[in-house]
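Shown below: data-v6.pdb, with PDB, C-alpha atoms.
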```
ATOM      1  CA  MET A  21      -2.499   5.247  -4.759
ATOM      2  CA  ALA A  22       1.096   5.246  -3.596
ATOM      3  CA  ARG A  23       2.177   3.418  -0.485
ATOM      4  CA  LEU A  24       4.515   5.032   2.021
ATOM      5  CA  VAL A  25       7.051   3.602   4.426
ATOM      6  CA  ALA A  26       7.373   5.495   7.697
ATOM      7  CA  ARG A  27      10.324   4.742   9.973
ATOM      8  CA  ILE A  28       9.383   5.589  13.551
ATOM      9  CA  ARG A  29      11.445   5.422  16.754
ATOM     10  CA  ILE A  30       9.284   4.324  19.670
ATOM     11  CA  LEU A  31      10.567   5.073  23.161
ATOM     12  CA  PRO A  32       9.344   3.004  26.102
ATOM     13  CA  ALA A  33       7.128   4.578  28.754
ATOM     14  CA  ASP A  34       9.500   3.381  31.477
ATOM     15  CA  ALA A  35      12.533   1.167  32.030
ATOM     16  CA  GLU A  36      10.354  -1.836  32.922
ATOM     17  CA  SER A  37       8.373  -1.859  29.658
ATOM     18  CA  ASN A  38       8.575  -5.229  27.902
ATOM     19  CA  LEU A  39       9.430  -4.185  24.334
ATOM     20  CA  ASP A  40       8.476  -7.556  22.829
ATOM     21  CA  ASN A  41       4.954  -7.124  24.248
ATOM     22  CA  VAL A  42       4.862  -3.532  22.996
ATOM     23  CA  VAL A  43       5.778  -4.677  19.456
ATOM     24  CA  HIS A  44       3.080  -7.372  19.566
ATOM     25  CA  SER A  45       0.484  -4.848  20.782
ATOM     26  CA  ILE A  46       1.449  -2.332  18.081
ATOM     27  CA  LYS A  47       1.137  -4.981  15.349
ATOM     28  CA  SER A  48      -2.258  -6.142  16.608
ATOM     29  CA  SER A  49      -3.676  -2.610  16.942
ATOM     30  CA  MET A  50      -2.744  -1.311  13.460
ATOM     31  CA  PRO A  51      -5.604   0.447  11.656
ATOM     32  CA  ILE A  52      -6.973  -1.242   8.534
ATOM     33  CA  GLY A  53      -4.667  -0.698   5.557
ATOM     34  CA  MET A  54      -1.548  -0.201   7.708
ATOM     35  CA  GLU A  55       1.123  -2.695   8.656
ATOM     36  CA  MET A  56       4.251  -2.867  10.785
ATOM     37  CA  LYS A  57       6.581  -4.379   8.190
ATOM     38  CA  GLY A  58       9.643  -4.779  10.404
ATOM     39  CA  HIS A  59      11.351  -3.572  13.536
ATOM     40  CA  ALA A  60      14.683  -3.526  15.344
ATOM     41  CA  MET A  61      15.815  -2.658  18.850
ATOM     42  CA  GLU A  62      18.122   0.349  19.133
ATOM     43  CA  PRO A  63      20.181   1.106  22.261
ATOM     44  CA  ILE A  64      19.384   4.478  23.838
ATOM     45  CA  ALA A  65      21.444   4.761  27.028
ATOM     46  CA  PHE A  66      22.177   2.914  30.270
ATOM     47  CA  GLY A  67      20.822  -0.384  28.965
ATOM     48  CA  LEU A  68      17.560   1.104  27.676
ATOM     49  CA  GLU A  69      16.384   0.328  24.167
ATOM     50  CA  ALA A  70      13.942   1.871  21.700
ATOM     51  CA  ILE A  71      11.975   0.182  18.940
ATOM     52  CA  VAL A  72      12.621   1.379  15.396
ATOM     53  CA  GLY A  73       9.722   0.234  13.258
ATOM     54  CA  ASP A  74       8.955   0.420   9.545
ATOM     55  CA  PHE A  75       5.263   0.972   8.854
ATOM     56  CA  LEU A  76       3.417   0.718   5.532
ATOM     57  CA  LEU A  77       0.502   3.079   4.910
ATOM     58  CA  GLU A  78      -1.425   4.717   2.081
ATOM     59  CA  ASP A  79      -0.363   8.156   0.853
ATOM     60  CA  ALA A  80      -3.638   9.827   1.802
ATOM     61  CA  GLU A  81      -4.665  12.723   3.989
ATOM     62  CA  GLY A  82      -4.848  11.871   7.689
ATOM     63  CA  GLN A  83      -3.149   8.476   7.450
ATOM     64  CA  MET A  84       0.007   9.524   9.284
ATOM     65  CA  ASP A  85      -2.058  10.994  12.135
ATOM     66  CA  ARG A  86      -4.025   7.730  12.416
ATOM     67  CA  LEU A  87      -0.774   5.736  12.534
ATOM     68  CA  GLU A  88       0.792   7.973  15.196
ATOM     69  CA  ASP A  89      -2.366   7.881  17.346
ATOM     70  CA  SER A  90      -2.527   4.093  17.043
ATOM     71  CA  ILE A  91       1.072   3.718  18.253
ATOM     72  CA  LYS A  92       0.746   6.286  21.064
ATOM     73  CA  ASN A  93      -2.311   4.481  22.468
ATOM     74  CA  VAL A  94      -0.410   1.222  23.046
ATOM     75  CA  GLU A  95       0.438   0.509  26.679
ATOM     76  CA  GLY A  96       4.178   0.765  27.282
ATOM     77  CA  VAL A  97       4.776   3.425  24.600
ATOM     78  CA  GLY A  98       6.260   6.669  25.880
ATOM     79  CA  GLU A  99       7.149   8.972  23.012
ATOM     80  CA  ILE A 100       7.477   8.462  19.274
ATOM     81  CA  GLU A 101       9.683  10.177  16.711
ATOM     82  CA  VAL A 102       9.112  10.000  12.963
ATOM     83  CA  MET A 103      12.586   9.456  11.535
ATOM     84  CA  ASN A 104      11.824   9.151   7.819
ATOM     85  CA  ILE A 105       8.945   8.877   5.366
ATOM     86  CA  SER A 106       9.374   7.772   1.761
ATOM     87  CA  ARG A 107       7.539   5.996  -1.028
ATOM     88  CA  GLN A 108       7.622   2.236  -0.713
ATOM     89  CA  SER A 109       9.667   1.834  -3.889
ATOM     90  CA  VAL A 110      12.539   3.861  -2.381
ATOM     91  CA  LYS A 111      15.003   1.849  -0.312
ATOM     92  CA  MET A 112      15.629   3.478   3.090
ATOM     93  CA  LYS A 113      18.959   3.138   4.889
TER      94      LYS A 113
END
```

What is this structure when it is put down as structure tokens?
Amino acid sequence: MARLVARIRILPADAESNLDNVVHSIKSSMPIGMEMKGHAMEPIAFGLEAIVGDFLLEDAEGQMDRLEDSIKNVEGVGEIEVMNISRQSVKMK
């Protein structure tokens, strides 16, 4: 089965959210078969930052919903935005 890479922008719940703790919590709460492969901080506005994460998952029905629910349930996560989804063999920019 093909593997997918999903690039997701994760906005903090509030200005005081510790993004390093949020990243750690997201990595430790990933469902079986999914992985946060990498992440970067992206400036939003007025000193606020968002997390842009690359997640690996199977190309199967319901997997994206499981991933989104897993991320949304982490304390400190406000909103999420799926930026891109592609097969793992495709290099994303």

Can you translate the PyMOL selection byres ((chain A and resi 71) around 12) into the concrete residues it hits in this file, as a ChimeraX atom specification? /A:27-33,37-44,46,56,58-64,68-70,72-74,91,96-103

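When only C-alpha atoms are used to measure the gap to Lys47 of chain A, the shortest distance among A:Ala65, A:Met84, A:Leu76, A:Ile105 belongs to A:Leu76.
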
Using only C-alpha atoms: which of A:Ala22, A:Leu77, A:Arg86, A:Val94 has the shortest distance to Gly53 of chain A: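 Among the listed residues, the smallest separation from Gly53 of chain A belongs to A:Leu77.
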
Taking all atoms of segment 64-67 of chain A that the file lists and extending 8 Å past them on each side, where is the centre of the axis-aligned box and how long are its edges? Answer in Å to one decimal, as AutoDock Vina command-line options.
```
--center_x 20.8 --center_y 2.2 --center_z 27.1 --size_x 18.8 --size_y 21.1 --size_z 22.4
```

Distance atom CA of Glu88 of chain A-atom CA of Ala35 of chain A, one decimal place?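 One can read the atom CA of Glu88 of chain A to atom CA of Ala35 of chain A distance as 21.6 Å.
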
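Nearest-residue note for Arg23 of chain A: choosing from A:Asn104, A:Glu95, A:Ser90, A:Gln83, the minimum distance belongs to A:Gln83, counting only C-alpha atoms.
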
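For the atom pair formed by atom CA of Gln108 of chain A and atom CA of Asn93 of chain A, the distance is 25.3 Å, given to one decimal.
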
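Atom CA of Leu24 of chain A lies 18.7 Å from atom CA of Ser49 of chain A.
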